[in-house]
Amino acid sequence: MKFKLGIPTYISVENLARSILSWLKTFWIPITLAIICMLAFYIRIQPLLNVWDLGFYLHEYDTYFQYRVTERILHEGLSSWYSWYDTRSWYPYGRDIAKSSYIGLPLAGAVFYRIIELLGIDIPLIGALVLFPPIMAIFMCISIFFLGREMGGSIVGLLSSLLLAIAPANISRTFAGWYDDESIGILTFILTILFYVKAVKNRNLHISLAYSLIAGLSLGYLIASWGSSFYVLALIALSTFIAMLVSFDRNLVVAYIPIVAVSVLIAMQIPRIGYSFLYDSTVLLSYGIVVLLLLKLCLRKFCGDKSGRIFLAILGLSALSSIVSIAMGIIRLPGGKYLAVINPIYKREVALIRSVGEHQSTTWAQLFMSTGFLSLFIPFYIIQAFRKRSFEHILVSVWVITSLYFTASFARLELLLAPAISIVAAYSLYEIAKPLASYTVSVSKVRRNRRILYGMRRDLAIASIVMITLLAILPIAYVVYITYFYYGTLPSILELSARYNRPYTDWVEALAWMKENLGGRSVVLSWWDYGYWITVLGNCTTLADNATINSTQIAIIAKIFISPENTSIPLMERYNVTHIVVFTSWTAIGQGTGIFIPDGTGEEGKFIWMIRIANDEFGEFNETNYIDVNVGAPTSRFYESVLGRIIPFQFYTRDTQTGLNLYFFKGFYRSKYLEPVFISSSLRKAEDPSYSGWCGGVLIYKVNYPSTINTTP
């Protein structure tokens, strides 16, 4: 059959089909990769689709600080960031922005917005930044495809890309609205590993050096963007050291030294890192690997067969001197969060670190929800990597083992594990599928018996491959569906931890009220969680925010909240506090009962951490004085504190049948020092005895000091 195209040429349907198949055969890899990228983007914009009619909202807290910095770069130029001393946060001391934040993400966001403007797309800045993380996720999928291809070919690359596209840990930090360091950090992380692997594998000196320089630039930008860059620098150093011992390659020298040199030079230009980076323990480790590489190269050239023994002796002496230097304090080990990751026991000693949910250790259930059965491929991959001993497999093995350990220590570090386990699982699936897909066709009985023992028919082989792949992918695909398609993920400013899968505007109302009535001239006291919201959206000065750069000030805030008014008011006056903001979350059970239960996500649940943090600093607060250990409910000591008086609910009794602590609504507190000036709409519902459902919200209190009570209009 033929048809006419309107020109003096006839094309047969058979030839057309053959041409299409040939075209698909040629371009099936980019087509498949494009489909995976579209899938990754579609999954990550689901939170935006859930609240599209309410406008653009960033997710969590730190994102609003990143938005504020990006806005400043766009309006006042990049140079303004270096000289920015913010007086609206951490009052009265302020904050040196350049020395306490990273420039990588805001700079990338500003460039992204300028590109959108050049394309003629009319969208507000916050809308562009909401879309920034899903766009970066597309580049992550493309980058890991090329890295996977270096590991085992295009099939491994495509599988790696697919697994990363649906990885819950990666989605949780790259979905629409999550405009934070991870969205650019993970991309530059993958690019660094990709170009380093290519630098080591390429035998052409000039090309290898070029790849190494690009890897150094990627790592440098990563250091300028994300605190986890120290892990990446250590990962490269450790994997290079192991590769040097297992199978030394001269290309390691060519590839490694430029990465260290370029990334360290870039790091020194970042005020938060500075020249002290030269003496950081991670960088000292990198210097040591450079020396060992050069030493190994020289020994192999000049000492022949004795080089191995000499190198091991020098290595032993170096290890001993390093231990002595650490013991004497010459080399400083990482501190703070970094030490808590390496040594999870350290978290028990610092209440401020333990108080952050994402700093908690990962449970087996969380790990399965994040990786499904993919973690079962890790032992198989490690065995394969040990057998092959190639550099790329050594690097990925170290990557997946260390990131798995750090994930167990800190829940948020699942995002370091996600790309590693995507490659490991993709490579393992491919290696498992190859022998299943190969079978022997024979007519001899001996060969036929062997085929029965070691092979299988094509249809059974294909069915087995499909079964294994589905077992690997379906659990995490189900988690993604439930989380992002069925329940959806609302921006935290709308979700209010109410867990009802519907938006609440209480924080939006409160911040708008602050901006209109208090903006620019008030000092607001709140728990540090809400600092960025109040500064950026409420246009008010705050005492603390999510940067947690001054633990003493956070402890003072905690002391103000859990102390009686006669102690707290003088402390607030010292800081010129004009208003107090608290968030509380409750549910009215049963219509007309007047009984409430706490959700625990507001200050009614966080006050335990206020006690612990204040006690760490001042040593005068005991949990048992504030909590009845028999029923787990607040004591009268708590209700004498500022926070206990402001929260409009009080413990009533414990239900022995359900084990729930029941509370009643006591009304909104008012005294000569504290008066409510704003109560959000959902919290107002608690006054209605017939209401049943969630009734949490935001309270804003004005502070009156003894010297101004009689003069305040």
# chains A, B, ... in the order shown; residues from 1 in each chain; ligands from 1
call {"tool": "residues_around", "arguments": {"residues": "range 109-126 of chain A", "least_positions_apart": "6", "cutoff": "8 Å", "atoms": "only C-alpha atoms", "output": "MDAnalysis selection string"}}
result
chainID A and resid 56:58 67 70:71 73:74 132
call {"tool": "residues_around", "arguments": {"residues": "range 470-482 of chain A", "least_positions_apart": "4", "cutoff": "7 Å", "atoms": "only C-alpha atoms", "output": "number ranges by chain"}}
result
A: 166-168, 369-374, 466, 486-487
call {"tool": "write_last_selection", "arguments": {"atoms": "C-alpha atoms", "output": "short mmCIF file (atom, residue, chain, number, x, y, z; two decimals), in the first residue's frame"}}
result
data_model
loop_
_atom_site.label_atom_id
_atom_site.label_comp_id
_atom_site.auth_asym_id
_atom_site.auth_seq_id
_atom_site.Cartn_x
_atom_site.Cartn_y
_atom_site.Cartn_z
CA ILE A 166 11.85 8.47 41.77
CA ALA A 167 14.13 8.41 44.84
CA PRO A 168 12.04 9.73 47.78
CA MET A 369 10.60 4.09 52.90
CA SER A 370 13.51 5.90 51.26
CA THR A 371 15.28 3.04 49.46
CA GLY A 372 12.90 0.09 49.38
CA PHE A 373 14.84 -3.08 48.52
CA LEU A 374 17.61 -1.16 46.77
CA VAL A 466 10.97 -7.90 34.98
CA TYR A 486 -2.25 10.93 46.92
CA TYR A 487 -1.63 12.95 50.06
#
call {"tool": "residues_around", "arguments": {"residues": "range 173-189 of chain A", "least_positions_apart": "2", "cutoff": "8 Å", "atoms": "only C-alpha atoms", "output": "NGL selection string"}}
result
:A and (43-48 or 57-60 or 62-63 or 66-67 or 104-105 or 108 or 129-134 or 136-137 or 139-140 or 143 or 169-171 or 191-193 or 218-219 or 221-222 or 225-226 or 229 or 232 or 415-416 or 491)
call {"tool": "residues_around", "arguments": {"residues": "Glu604 in chain A", "least_positions_apart": "5", "cutoff": "8 Å", "atoms": "only C-alpha atoms", "output": "PyMOL selection string"}}
result
chain A and resi 584-585+598+647
call {"tool": "write_last_selection", "arguments": {"atoms": "C-alpha atoms", "output": "PDB file, in the first residue's frame"}}
result
ATOM      1  CA  THR A 584       0.266  26.024  69.020  1.00  0.00           C
ATOM      2  CA  SER A 585      -1.476  23.010  67.463  1.00  0.00           C
ATOM      3  CA  PRO A 598      -2.300  18.373  71.576  1.00  0.00           C
ATOM      4  CA  ILE A 647      -0.885  28.736  75.421  1.00  0.00           C
TER       5      ILE A 647
END
call {"tool": "residues_around", "arguments": {"residues": "range 423-431 of chain A", "least_positions_apart": "5", "cutoff": "8 Å", "atoms": "only C-alpha atoms", "output": "ChimeraX atom specification"}}
result
/A:144,148,151-152,155-157,159-160,163,374-375,377-378,380-381,396,400,468-469
call {"tool": "write_last_selection", "arguments": {"atoms": "N, CA and C atoms", "output": "PDB file, in the first residue's frame"}}
result
ATOM      1  N   ILE A 144      23.615  12.081  36.363  1.00  0.00           N
ATOM      2  CA  ILE A 144      23.828  10.732  36.878  1.00  0.00           C
ATOM      3  C   ILE A 144      23.710   9.700  35.761  1.00  0.00           C
ATOM      4  N   GLY A 148      26.485   6.989  35.444  1.00  0.00           N
ATOM      5  CA  GLY A 148      26.139   5.577  35.336  1.00  0.00           C
ATOM      6  C   GLY A 148      26.692   4.949  34.068  1.00  0.00           C
ATOM      7  N   MET A 151      30.061   3.856  34.538  1.00  0.00           N
ATOM      8  CA  MET A 151      30.165   2.665  35.380  1.00  0.00           C
ATOM      9  C   MET A 151      29.904   1.383  34.610  1.00  0.00           C
ATOM     10  N   GLY A 152      28.927   1.407  33.702  1.00  0.00           N
ATOM     11  CA  GLY A 152      28.578   0.144  33.050  1.00  0.00           C
ATOM     12  C   GLY A 152      27.823   0.269  31.753  1.00  0.00           C
ATOM     13  N   ILE A 155      22.716   1.455  29.527  1.00  0.00           N
ATOM     14  CA  ILE A 155      21.603   0.863  30.277  1.00  0.00           C
ATOM     15  C   ILE A 155      21.734   1.201  31.756  1.00  0.00           C
ATOM     16  N   VAL A 156      22.934   1.063  32.288  1.00  0.00           N
ATOM     17  CA  VAL A 156      23.171   1.412  33.689  1.00  0.00           C
ATOM     18  C   VAL A 156      22.900   2.901  33.908  1.00  0.00           C
ATOM     19  N   GLY A 157      23.299   3.736  32.947  1.00  0.00           N
ATOM     20  CA  GLY A 157      23.048   5.164  33.059  1.00  0.00           C
ATOM     21  C   GLY A 157      21.568   5.484  33.109  1.00  0.00           C
ATOM     22  N   LEU A 159      19.077   3.436  33.958  1.00  0.00           N
ATOM     23  CA  LEU A 159      18.506   2.921  35.204  1.00  0.00           C
ATOM     24  C   LEU A 159      18.861   3.824  36.387  1.00  0.00           C
ATOM     25  N   SER A 160      20.103   4.309  36.415  1.00  0.00           N
ATOM     26  CA  SER A 160      20.516   5.232  37.482  1.00  0.00           C
ATOM     27  C   SER A 160      19.666   6.486  37.457  1.00  0.00           C
ATOM     28  N   LEU A 163      16.096   5.667  38.713  1.00  0.00           N
ATOM     29  CA  LEU A 163      16.034   5.457  40.158  1.00  0.00           C
ATOM     30  C   LEU A 163      16.209   6.763  40.927  1.00  0.00           C
ATOM     31  N   LEU A 374      16.385  -1.500  47.479  1.00  0.00           N
ATOM     32  CA  LEU A 374      17.614  -1.156  46.766  1.00  0.00           C
ATOM     33  C   LEU A 374      18.857  -1.361  47.631  1.00  0.00           C
ATOM     34  N   SER A 375      18.724  -1.167  48.953  1.00  0.00           N
ATOM     35  CA  SER A 375      19.884  -1.338  49.830  1.00  0.00           C
ATOM     36  C   SER A 375      20.393  -2.775  49.841  1.00  0.00           C
ATOM     37  N   PHE A 377      21.081  -4.453  47.318  1.00  0.00           N
ATOM     38  CA  PHE A 377      22.054  -4.601  46.238  1.00  0.00           C
ATOM     39  C   PHE A 377      23.459  -4.166  46.650  1.00  0.00           C
ATOM     40  N   ILE A 378      23.578  -3.489  47.791  1.00  0.00           N
ATOM     41  CA  ILE A 378      24.884  -2.953  48.190  1.00  0.00           C
ATOM     42  C   ILE A 378      25.931  -4.055  48.369  1.00  0.00           C
ATOM     43  N   PHE A 380      26.079  -7.022  47.009  1.00  0.00           N
ATOM     44  CA  PHE A 380      26.391  -7.564  45.677  1.00  0.00           C
ATOM     45  C   PHE A 380      27.335  -6.628  44.929  1.00  0.00           C
ATOM     46  N   TYR A 381      27.049  -5.336  45.014  1.00  0.00           N
ATOM     47  CA  TYR A 381      27.886  -4.374  44.289  1.00  0.00           C
ATOM     48  C   TYR A 381      29.295  -4.325  44.874  1.00  0.00           C
ATOM     49  N   VAL A 396      32.602   4.638  44.047  1.00  0.00           N
ATOM     50  CA  VAL A 396      31.177   4.481  44.344  1.00  0.00           C
ATOM     51  C   VAL A 396      30.981   3.575  45.554  1.00  0.00           C
ATOM     52  N   VAL A 400      28.872   4.809  48.735  1.00  0.00           N
ATOM     53  CA  VAL A 400      27.633   4.204  49.229  1.00  0.00           C
ATOM     54  C   VAL A 400      27.795   3.722  50.668  1.00  0.00           C
ATOM     55  N   ILE A 468      12.490  -8.973  39.051  1.00  0.00           N
ATOM     56  CA  ILE A 468      13.525  -8.382  39.905  1.00  0.00           C
ATOM     57  C   ILE A 468      13.462  -6.858  39.840  1.00  0.00           C
ATOM     58  N   THR A 469      13.291  -6.328  38.628  1.00  0.00           N
ATOM     59  CA  THR A 469      13.227  -4.870  38.465  1.00  0.00           C
ATOM     60  C   THR A 469      12.020  -4.281  39.193  1.00  0.00           C
TER      61      THR A 469
END
call {"tool": "atom_distance", "arguments": {"atom1": "CA of Val262 in chain A", "atom2": "CA of Phe406 in chain A"}}
result
26.7 Å
call {"tool": "residues_around", "arguments": {"residues": "range 651-666 of chain A", "least_positions_apart": "3", "cutoff": "9 Å", "atoms": "only C-alpha atoms", "output": "list in words"}}
result
Gly594, Ile595, Phe596, Ile597, Pro598, Val631, Gly632, Ala633, Pro634, Thr635, Ile647, Pro648, Tyr669, Ala686 and Glu687 of chain A
call {"tool": "write_last_selection", "arguments": {"atoms": "N, CA and C atoms", "output": "mmCIF file, in the first residue's frame"}}
result
data_model
loop_
_atom_site.group_PDB
_atom_site.id
_atom_site.type_symbol
_atom_site.label_atom_id
_atom_site.label_comp_id
_atom_site.auth_asym_id
_atom_site.auth_seq_id
_atom_site.Cartn_x
_atom_site.Cartn_y
_atom_site.Cartn_z
ATOM 1 N N GLY A 594 -15.755 20.170 74.561
ATOM 2 C CA GLY A 594 -14.794 21.105 75.132
ATOM 3 C C GLY A 594 -13.481 20.451 75.493
ATOM 4 N N ILE A 595 -13.204 19.285 74.908
ATOM 5 C CA ILE A 595 -11.987 18.532 75.200
ATOM 6 C C ILE A 595 -11.042 18.629 73.999
ATOM 7 N N PHE A 596 -9.773 18.821 74.294
ATOM 8 C CA PHE A 596 -8.773 18.988 73.239
ATOM 9 C C PHE A 596 -7.582 18.070 73.505
ATOM 10 N N ILE A 597 -6.931 17.670 72.414
ATOM 11 C CA ILE A 597 -5.682 16.915 72.541
ATOM 12 C C ILE A 597 -4.603 17.656 71.757
ATOM 13 N N PRO A 598 -3.373 17.656 72.267
ATOM 14 C CA PRO A 598 -2.300 18.373 71.576
ATOM 15 C C PRO A 598 -1.733 17.572 70.415
ATOM 16 N N VAL A 631 2.182 10.822 84.111
ATOM 17 C CA VAL A 631 1.175 10.943 83.052
ATOM 18 C C VAL A 631 1.719 11.644 81.806
ATOM 19 N N GLY A 632 2.926 12.177 81.898
ATOM 20 C CA GLY A 632 3.514 12.856 80.744
ATOM 21 C C GLY A 632 2.839 14.169 80.410
ATOM 22 N N ALA A 633 2.273 14.830 81.422
ATOM 23 C CA ALA A 633 1.558 16.087 81.206
ATOM 24 C C ALA A 633 2.278 17.220 81.932
ATOM 25 N N PRO A 634 2.052 18.466 81.487
ATOM 26 C CA PRO A 634 2.699 19.613 82.149
ATOM 27 C C PRO A 634 2.247 19.748 83.597
ATOM 28 N N THR A 635 3.163 20.247 84.430
ATOM 29 C CA THR A 635 2.866 20.482 85.846
ATOM 30 C C THR A 635 2.459 21.941 86.059
ATOM 31 N N ILE A 647 -0.165 29.818 76.103
ATOM 32 C CA ILE A 647 -0.885 28.736 75.421
ATOM 33 C C ILE A 647 -2.267 28.606 76.053
ATOM 34 N N PRO A 648 -3.332 28.723 75.264
ATOM 35 C CA PRO A 648 -4.681 28.833 75.844
ATOM 36 C C PRO A 648 -5.341 27.496 76.190
ATOM 37 N N TYR A 669 -4.811 34.450 77.557
ATOM 38 C CA TYR A 669 -4.232 35.088 78.742
ATOM 39 C C TYR A 669 -4.044 36.590 78.534
ATOM 40 N N ALA A 686 -11.455 27.572 68.785
ATOM 41 C CA ALA A 686 -11.434 26.887 70.081
ATOM 42 C C ALA A 686 -12.430 27.499 71.057
ATOM 43 N N GLU A 687 -12.834 28.761 70.805
ATOM 44 C CA GLU A 687 -13.788 29.429 71.692
ATOM 45 C C GLU A 687 -15.208 28.918 71.478
#
call {"tool": "closest_residue", "arguments": {"among": "A:Ser101, A:Trp528, A:Met268, A:Leu54", "to": "Asp280 in chain A", "atoms": "only C-alpha atoms"}}
result
A:Met268
call {"tool": "select_by_dssp", "arguments": {"residues": "range 522-697 of chain A", "states": "alpha helix (DSSP H)", "output": "JSON, numbers by chain"}}
result
{"A": [531, 532, 533, 534, 535, 536, 551, 552, 553, 554, 555, 556, 557, 558, 559, 560, 561, 562, 565, 566, 567, 568, 569, 570, 571, 572, 573, 574, 603, 604, 605, 606, 607, 608, 609, 610, 611, 612, 613, 614, 615, 616, 617, 618, 623, 624, 625, 626, 636, 637, 638, 639, 642, 643, 644, 645, 646, 681, 682, 683, 684]}
call {"tool": "write_last_selection", "arguments": {"atoms": "C-alpha atoms", "output": "compact mmCIF listing (two decimals), in the first residue's frame"}}
result
# COMPACT_ATOMS: atom_id res chain seq x y z
CA GLY A 531 12.75 33.48 62.63
CA TYR A 532 13.15 33.55 58.86
CA TRP A 533 9.40 33.79 58.26
CA ILE A 534 9.05 36.70 60.66
CA THR A 535 12.03 38.58 59.21
CA VAL A 536 11.29 38.02 55.51
CA SER A 551 23.33 28.92 70.93
CA THR A 552 23.54 31.19 73.99
CA GLN A 553 20.89 33.53 72.61
CA ILE A 554 18.62 30.57 71.81
CA ALA A 555 19.07 29.38 75.40
CA ILE A 556 18.09 32.86 76.67
CA ILE A 557 14.93 32.73 74.54
CA ALA A 558 14.18 29.32 76.00
CA LYS A 559 14.68 30.71 79.50
CA ILE A 560 12.28 33.59 78.78
CA PHE A 561 9.57 31.17 77.65
CA ILE A 562 9.82 28.72 80.56
CA GLU A 565 6.75 36.72 84.13
CA ASN A 566 8.73 38.37 86.93
CA THR A 567 11.88 36.71 85.56
CA SER A 568 11.08 36.92 81.85
CA ILE A 569 9.94 40.53 81.60
CA PRO A 570 13.33 42.01 82.65
CA LEU A 571 15.08 39.70 80.19
CA MET A 572 12.76 40.81 77.38
CA GLU A 573 13.28 44.46 78.29
CA ARG A 574 17.04 43.94 78.00
CA GLU A 603 5.17 25.08 71.33
CA GLU A 604 3.11 22.67 73.45
CA GLY A 605 5.49 19.96 72.17
CA LYS A 606 8.66 22.02 71.78
CA PHE A 607 8.79 23.33 75.35
CA ILE A 608 10.62 20.15 76.44
CA TRP A 609 13.50 21.20 74.18
CA MET A 610 13.37 24.72 75.59
CA ILE A 611 13.91 23.24 79.05
CA ARG A 612 16.81 21.07 77.89
CA ILE A 613 18.52 23.85 75.89
CA ALA A 614 18.15 26.34 78.75
CA ASN A 615 19.47 23.75 81.18
CA ASP A 616 22.50 23.05 78.96
CA GLU A 617 23.38 26.74 79.15
CA PHE A 618 22.31 27.78 82.65
CA GLU A 623 12.47 18.48 83.18
CA THR A 624 10.74 16.75 86.08
CA ASN A 625 9.73 20.14 87.51
CA TYR A 626 7.79 20.90 84.34
CA SER A 636 1.78 23.66 87.63
CA ARG A 637 5.38 24.91 87.25
CA PHE A 638 4.90 24.95 83.49
CA TYR A 639 1.61 26.83 83.74
CA VAL A 642 5.24 32.71 80.22
CA LEU A 643 4.70 29.98 77.65
CA GLY A 644 2.34 28.04 79.92
CA ARG A 645 0.21 31.15 80.42
CA ILE A 646 0.16 32.16 76.75
CA SER A 681 -8.66 32.38 62.56
CA SER A 682 -8.26 28.64 63.24
CA LEU A 683 -7.31 29.26 66.87
CA ARG A 684 -10.42 31.41 67.34
call {"tool": "closest_residue", "arguments": {"among": "A:Asp628, A:Ile589, A:Gly77, A:Leu147", "to": "Ser690 in chain A", "atoms": "only C-alpha atoms"}}
result
A:Ile589
